[in-house]
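input26.pdb (PDB, C-alpha atoms, pLDDT in the B column)
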```pdb
ATOM      1  CA  MET A  23       0.000   0.000   0.000  1.00 46.00           C
ATOM      2  CA  GLY A  24       1.547   3.319  -1.067  1.00 56.00           C
ATOM      3  CA  GLN A  25       1.808   6.382   1.110  1.00 65.00           C
ATOM      4  CA  THR A  26       0.671   9.789   0.009  1.00 82.00           C
ATOM      5  CA  LEU A  27       3.218  12.505  -0.691  1.00 84.00           C
ATOM      6  CA  PRO A  28       3.639  15.345   1.804  1.00 89.00           C
ATOM      7  CA  HIS A  29       1.816  18.537   0.827  1.00 93.00           C
ATOM      8  CA  ILE A  30       3.568  21.888   0.369  1.00 95.00           C
ATOM      9  CA  ALA A  31       1.758  25.112  -0.486  1.00 96.00           C
ATOM     10  CA  VAL A  32       3.823  27.685  -2.382  1.00 96.00           C
ATOM     11  CA  LEU A  33       2.308  31.136  -1.926  1.00 95.00           C
ATOM     12  CA  TYR A  34       3.516  33.779  -4.362  1.00 93.00           C
ATOM     13  CA  ASP A  35       2.787  37.286  -5.631  1.00 89.00           C
ATOM     14  CA  SER A  36       2.055  37.189  -9.374  1.00 84.00           C
ATOM     15  CA  SER A  37       2.810  40.887  -9.856  1.00 82.00           C
ATOM     16  CA  CYS A  38       6.507  40.080  -9.439  1.00 78.00           C
ATOM     17  CA  ARG A  39       8.330  38.270 -12.258  1.00 82.00           C
ATOM     18  CA  CYS A  40      10.848  36.873  -9.760  1.00 81.00           C
ATOM     19  CA  SER A  41       8.109  35.478  -7.485  1.00 86.00           C
ATOM     20  CA  ASN A  42       6.385  33.805 -10.434  1.00 87.00           C
ATOM     21  CA  THR A  43       9.680  32.317 -11.608  1.00 87.00           C
ATOM     22  CA  LEU A  44      10.544  30.986  -8.158  1.00 89.00           C
ATOM     23  CA  ALA A  45       7.084  29.462  -7.626  1.00 92.00           C
ATOM     24  CA  GLU A  46       7.293  27.683 -10.980  1.00 91.00           C
ATOM     25  CA  ALA A  47      10.856  26.489 -10.258  1.00 89.00           C
ATOM     26  CA  LEU A  48       9.755  25.052  -6.911  1.00 92.00           C
ATOM     27  CA  ASP A  49       6.761  23.382  -8.524  1.00 94.00           C
ATOM     28  CA  THR A  50       8.907  21.654 -11.160  1.00 91.00           C
ATOM     29  CA  SER A  51      11.882  20.882  -8.884  1.00 90.00           C
ATOM     30  CA  ILE A  52      10.212  19.392  -5.808  1.00 93.00           C
ATOM     31  CA  HIS A  53       9.527  15.749  -6.632  1.00 90.00           C
ATOM     32  CA  TRP A  54       9.248  14.446  -3.068  1.00 90.00           C
ATOM     33  CA  ALA A  55       6.055  16.330  -2.202  1.00 92.00           C
ATOM     34  CA  ARG A  56       2.787  17.412  -3.735  1.00 94.00           C
ATOM     35  CA  VAL A  57       3.206  21.121  -4.483  1.00 96.00           C
ATOM     36  CA  GLU A  58       0.225  23.433  -4.758  1.00 96.00           C
ATOM     37  CA  LEU A  59       0.768  26.957  -6.072  1.00 97.00           C
ATOM     38  CA  CYS A  60      -1.390  29.789  -4.751  1.00 96.00           C
ATOM     39  CA  ASN A  61      -1.323  33.275  -6.241  1.00 95.00           C
ATOM     40  CA  LEU A  62      -1.832  35.656  -3.319  1.00 94.00           C
ATOM     41  CA  LEU A  63      -3.149  38.426  -5.575  1.00 93.00           C
ATOM     42  CA  THR A  64      -6.118  36.377  -6.799  1.00 94.00           C
ATOM     43  CA  ALA A  65      -6.694  34.183  -3.738  1.00 94.00           C
ATOM     44  CA  SER A  66      -8.711  34.783  -0.622  1.00 94.00           C
ATOM     45  CA  VAL A  67      -7.779  33.386   2.780  1.00 95.00           C
ATOM     46  CA  GLU A  68     -10.182  30.495   2.180  1.00 95.00           C
ATOM     47  CA  ASP A  69      -8.214  29.548  -0.964  1.00 95.00           C
ATOM     48  CA  ILE A  70      -4.959  28.976   0.949  1.00 94.00           C
ATOM     49  CA  PRO A  71      -4.226  25.241   0.888  1.00 93.00           C
ATOM     50  CA  ALA A  72      -4.494  23.445   4.217  1.00 90.00           C
ATOM     51  CA  SER A  73      -0.864  22.382   4.245  1.00 92.00           C
ATOM     52  CA  LYS A  74       1.476  21.976   7.195  1.00 92.00           C
ATOM     53  CA  HIS A  75       4.312  23.393   5.059  1.00 93.00           C
ATOM     54  CA  LEU A  76       4.169  26.857   3.479  1.00 95.00           C
ATOM     55  CA  ILE A  77       6.817  28.292   1.196  1.00 94.00           C
ATOM     56  CA  LEU A  78       6.385  32.019   0.706  1.00 93.00           C
ATOM     57  CA  ALA A  79       7.993  33.018  -2.600  1.00 90.00           C
ATOM     58  CA  LEU A  80       7.583  36.763  -2.317  1.00 86.00           C
ATOM     59  CA  PRO A  81       9.095  39.928  -3.783  1.00 81.00           C
ATOM     60  CA  MET A  82      12.239  41.031  -1.993  1.00 75.00           C
ATOM     61  CA  HIS A  83      12.718  44.344  -3.774  1.00 71.00           C
ATOM     62  CA  ALA A  84      10.310  46.975  -5.021  1.00 64.00           C
ATOM     63  CA  PHE A  85      10.822  50.484  -6.253  1.00 63.00           C
ATOM     64  CA  GLY A  86       8.997  52.936  -4.036  1.00 62.00           C
ATOM     65  CA  ASN A  87       8.399  50.476  -1.199  1.00 71.00           C
ATOM     66  CA  PRO A  88      11.687  48.707  -0.423  1.00 69.00           C
ATOM     67  CA  GLU A  89      10.776  47.989   3.217  1.00 72.00           C
ATOM     68  CA  ARG A  90       7.589  46.083   2.293  1.00 79.00           C
ATOM     69  CA  PRO A  91       7.755  44.927  -1.349  1.00 81.00           C
ATOM     70  CA  TRP A  92       5.323  42.134  -0.430  1.00 82.00           C
ATOM     71  CA  GLU A  93       2.666  44.721   0.528  1.00 87.00           C
ATOM     72  CA  ASP A  94       0.283  43.706  -2.302  1.00 88.00           C
ATOM     73  CA  ALA A  95       0.085  40.188  -0.875  1.00 90.00           C
ATOM     74  CA  TRP A  96      -0.190  41.328   2.752  1.00 91.00           C
ATOM     75  CA  PRO A  97      -4.026  41.444   2.947  1.00 93.00           C
ATOM     76  CA  VAL A  98      -4.109  37.663   2.480  1.00 95.00           C
ATOM     77  CA  LEU A  99      -0.809  36.893   4.269  1.00 93.00           C
ATOM     78  CA  SER A 100      -1.935  38.751   7.385  1.00 94.00           C
ATOM     79  CA  GLU A 101      -5.144  36.709   7.646  1.00 95.00           C
ATOM     80  CA  ILE A 102      -3.642  33.219   7.279  1.00 94.00           C
ATOM     81  CA  SER A 103      -3.552  30.994  10.331  1.00 94.00           C
ATOM     82  CA  TYR A 104       0.096  30.003  10.800  1.00 93.00           C
ATOM     83  CA  ARG A 105      -0.664  27.758  13.754  1.00 89.00           C
ATOM     84  CA  GLN A 106       1.104  24.383  13.485  1.00 88.00           C
ATOM     85  CA  ARG A 107       2.614  25.281  10.110  1.00 91.00           C
ATOM     86  CA  GLN A 108       6.249  25.421   9.082  1.00 91.00           C
ATOM     87  CA  VAL A 109       7.006  28.511   7.013  1.00 93.00           C
ATOM     88  CA  VAL A 110       9.951  29.041   4.676  1.00 91.00           C
ATOM     89  CA  LEU A 111      10.632  32.485   3.226  1.00 88.00           C
ATOM     90  CA  CYS A 112      12.501  32.854  -0.018  1.00 85.00           C
ATOM     91  CA  GLY A 113      12.713  35.021  -3.071  1.00 81.00           C
ATOM     92  CA  LEU A 114      14.575  35.561  -6.283  1.00 80.00           C
ATOM     93  CA  GLY A 115      16.352  38.663  -7.375  1.00 74.00           C
ATOM     94  CA  THR A 116      18.661  39.747 -10.120  1.00 68.00           C
ATOM     95  CA  GLU A 117      21.994  41.524  -9.931  1.00 62.00           C
ATOM     96  CA  PHE A 118      20.098  44.692 -10.775  1.00 54.00           C
ATOM     97  CA  CYS A 119      19.362  46.439  -7.461  1.00 52.00           C
ATOM     98  CA  PHE A 120      21.385  43.841  -5.570  1.00 51.00           C
ATOM     99  CA  ASP A 121      21.455  45.732  -2.299  1.00 59.00           C
ATOM    100  CA  ASP A 122      20.527  45.892   1.363  1.00 66.00           C
ATOM    101  CA  ASP A 123      16.878  46.678   0.559  1.00 69.00           C
ATOM    102  CA  ARG A 124      16.339  42.946  -0.017  1.00 72.00           C
ATOM    103  CA  LEU A 125      17.799  42.100   3.350  1.00 73.00           C
ATOM    104  CA  THR A 126      15.658  44.722   5.071  1.00 76.00           C
ATOM    105  CA  ALA A 127      12.530  43.444   3.305  1.00 78.00           C
ATOM    106  CA  LEU A 128      13.178  39.854   4.355  1.00 78.00           C
ATOM    107  CA  GLU A 129      13.944  40.853   7.950  1.00 81.00           C
ATOM    108  CA  ASN A 130      10.726  42.921   8.060  1.00 84.00           C
ATOM    109  CA  LEU A 131       8.693  40.041   6.653  1.00 86.00           C
ATOM    110  CA  GLN A 132      10.185  37.616   9.193  1.00 86.00           C
ATOM    111  CA  ARG A 133       9.264  39.987  12.009  1.00 88.00           C
ATOM    112  CA  GLU A 134       5.693  40.473  10.708  1.00 90.00           C
ATOM    113  CA  LEU A 135       5.085  36.731  10.261  1.00 91.00           C
ATOM    114  CA  SER A 136       6.595  35.872  13.649  1.00 90.00           C
ATOM    115  CA  SER A 137       4.199  38.329  15.280  1.00 93.00           C
ATOM    116  CA  LEU A 138       1.357  36.379  13.615  1.00 93.00           C
ATOM    117  CA  GLY A 139       2.630  33.124  15.137  1.00 92.00           C
ATOM    118  CA  ALA A 140       4.434  31.649  12.120  1.00 91.00           C
ATOM    119  CA  SER A 141       7.002  28.947  12.860  1.00 88.00           C
ATOM    120  CA  LEU A 142       9.771  30.129  10.544  1.00 88.00           C
ATOM    121  CA  ILE A 143      12.448  27.739   9.323  1.00 84.00           C
ATOM    122  CA  HIS A 144      15.809  29.452   9.900  1.00 70.00           C
ATOM    123  CA  GLN A 145      18.157  26.508   9.636  1.00 63.00           C
ATOM    124  CA  LEU A 146      18.515  26.333   5.862  1.00 65.00           C
ATOM    125  CA  PRO A 147      22.219  26.019   5.091  1.00 58.00           C
ATOM    126  CA  ASP A 148      24.182  28.679   3.292  1.00 58.00           C
ATOM    127  CA  VAL A 149      24.547  27.444  -0.267  1.00 54.00           C
ATOM    128  CA  LEU A 150      27.813  29.335  -0.669  1.00 48.00           C
ATOM    129  CA  SER A 151      29.640  26.060  -0.056  1.00 48.00           C
ATOM    130  CA  TYR A 152      27.923  24.613  -3.138  1.00 45.00           C
ATOM    131  CA  TYR A 153      29.788  26.976  -5.427  1.00 46.00           C
ATOM    132  CA  SER A 154      33.192  25.370  -5.270  1.00 44.00           C
ATOM    133  CA  GLY A 155      33.754  23.600  -8.552  1.00 48.00           C
ATOM    134  CA  GLN A 156      30.416  24.733  -9.995  1.00 50.00           C
ATOM    135  CA  PRO A 157      30.513  25.967 -13.595  1.00 52.00           C
ATOM    136  CA  VAL A 158      29.651  29.602 -14.185  1.00 50.00           C
ATOM    137  CA  THR A 159      26.038  29.991 -15.205  1.00 54.00           C
ATOM    138  CA  THR A 160      24.334  32.736 -17.169  1.00 54.00           C
ATOM    139  CA  ASP A 161      21.185  32.543 -15.023  1.00 60.00           C
ATOM    140  CA  PRO A 162      20.548  36.112 -13.859  1.00 68.00           C
ATOM    141  CA  TYR A 163      18.797  35.137 -10.624  1.00 75.00           C
ATOM    142  CA  HIS A 164      19.942  35.022  -7.034  1.00 74.00           C
ATOM    143  CA  LEU A 165      18.203  32.889  -4.435  1.00 78.00           C
ATOM    144  CA  ILE A 166      17.419  34.956  -1.325  1.00 76.00           C
ATOM    145  CA  TYR A 167      16.552  33.286   1.983  1.00 74.00           C
ATOM    146  CA  PRO A 168      17.130  33.494   5.748  1.00 74.00           C
ATOM    147  CA  GLN A 169      19.857  31.292   7.204  1.00 69.00           C
ATOM    148  CA  SER A 170      20.480  30.967  10.941  1.00 65.00           C
ATOM    149  CA  GLY A 171      20.285  34.626  11.881  1.00 63.00           C
ATOM    150  CA  SER A 172      21.460  36.083   8.573  1.00 69.00           C
ATOM    151  CA  ILE A 173      20.161  36.517   5.044  1.00 71.00           C
ATOM    152  CA  CYS A 174      21.723  34.731   2.070  1.00 72.00           C
ATOM    153  CA  GLN A 175      21.785  35.980  -1.506  1.00 72.00           C
ATOM    154  CA  ARG A 176      23.424  33.438  -3.803  1.00 73.00           C
ATOM    155  CA  LYS A 177      23.795  33.140  -7.564  1.00 75.00           C
ATOM    156  CA  LEU A 178      21.285  30.549  -8.716  1.00 75.00           C
ATOM    157  CA  SER A 179      22.105  27.546 -10.879  1.00 77.00           C
ATOM    158  CA  PRO A 180      20.183  24.298 -11.411  1.00 79.00           C
ATOM    159  CA  ASP A 181      22.635  22.460  -9.142  1.00 78.00           C
ATOM    160  CA  VAL A 182      22.307  25.056  -6.385  1.00 78.00           C
ATOM    161  CA  MET A 183      18.500  24.938  -6.655  1.00 82.00           C
ATOM    162  CA  ASN A 184      18.506  21.126  -6.380  1.00 82.00           C
ATOM    163  CA  LEU A 185      20.833  21.157  -3.376  1.00 81.00           C
ATOM    164  CA  TRP A 186      18.789  23.907  -1.697  1.00 81.00           C
ATOM    165  CA  ILE A 187      15.563  21.933  -2.260  1.00 86.00           C
ATOM    166  CA  ASN A 188      17.121  18.804  -0.736  1.00 83.00           C
ATOM    167  CA  ASP A 189      18.215  20.875   2.265  1.00 81.00           C
ATOM    168  CA  LEU A 190      14.700  22.283   2.433  1.00 83.00           C
ATOM    169  CA  LYS A 191      13.338  18.734   2.607  1.00 84.00           C
ATOM    170  CA  SER A 192      15.604  17.985   5.578  1.00 81.00           C
ATOM    171  CA  SER A 193      14.731  21.266   7.297  1.00 81.00           C
ATOM    172  CA  LEU A 194      11.024  20.524   6.974  1.00 81.00           C
ATOM    173  CA  GLN A 195      11.688  17.042   8.376  1.00 70.00           C
ATOM    174  CA  ILE A 196      10.012  15.424   5.413  1.00 67.00           C
ATOM    175  CA  THR A 197      11.031  11.894   4.595  1.00 51.00           C
ATOM    176  CA  HIS A 198      10.390  10.195   1.275  1.00 48.00           C
ATOM    177  CA  PRO A 199       7.190   8.153   1.524  1.00 48.00           C
ATOM    178  CA  ASN A 200       8.961   5.023   0.214  1.00 44.00           C
ATOM    179  CA  GLY A 201      11.909   5.135   2.560  1.00 40.00           C
TER     180      GLY A 201
END
```
Go ahead and express the file in the form of structure tokens.
Amino acid sequence: MGQTLPHIAVLYDSSCRCSNTLAEALDTSIHWARVELCNLLTASVEDIPASKHLILALPMHAFGNPERPWEDAWPVLSEISYRQRQVVLCGLGTEFCFDDDRLTALENLQRELSSLGASLIHQLPDVLSYYSGQPVTTDPYHLIYPQSGSICQRKLSPDVMNLWINDLKSSLQITHPNG
């Protein structure tokens, strides 16, 4: 008798090209769980999947509102029940505007979600160690995520994404249903 796959909800802001790209990358790269995408700009609180694991793929930089670039999604985010849910924050960015505004935005979002009772995953490893021996890629994106009291911004490649997703699986304490 087979076991069902764990369920992960990926919440994203469709107004941001980087958020869309990250949500789609997570959907196609996570093979060890059932992934459900939820566009926060068209969803209501009732549309949020009832999943124990939430990945918030949100904007980390916005012209005119660098402290809260995820503001458009906040009406839904602020109404979600985070009780008994593990929450991972992440985003994508490009080298354009690669600055401290992203770090401030992620720190602000962590603070806001913590005040709502979210159990944030902070133990994701720093993927910097994955770069030794990695070929140079032309992918313009950087993966942005919290890591044990700091914020990481790392050049994204398919190998780095796969390693990060495997580390995510461990951090969420998800085991493969067949072993």
TODO: Please evaluate the PyMOL selection byres ((chain A and resi 140) around 12) against the displayed coordinates and give the resulting residues as a VMD selection string.
DONE: chain A and resid 74 to 78 99 to 111 131 to 139 141 to 144
Task: Spatial neighbours of Glu46 in chain A, 12 Å, only C-alpha atoms, chain gap at least 5 places, as a ChimeraX atom specification - done: /A:32-36,39-41,51-52,57-61,79,114
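Candidate residues A:Leu27, A:Leu194, A:Leu125, A:Met183 were compared for distance to Trp54 in chain A, and the nearest is A:Leu27, using only C-alpha atoms.
Nearest residue to His53 in chain A among A:Leu165, A:Ser66, A:His29, A:Arg176 is A:His29, counting only C-alpha atoms.
Each of A:Ala65, A:Ala55, A:Tyr167, A:Ser73 was checked against Trp96 in chain A using only C-alpha atoms; the smallest atom-to-atom distance is that of A:Ala65.
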Open item on the list: Tell me which residues come within 10 Å of (11.3, 40.3, -11.1), as an MDAnalysis selection string, counting all atoms listed in the file in the file's coordinates.
Closed with: chainID A and resid 36:44 81:84 113:116 118 163
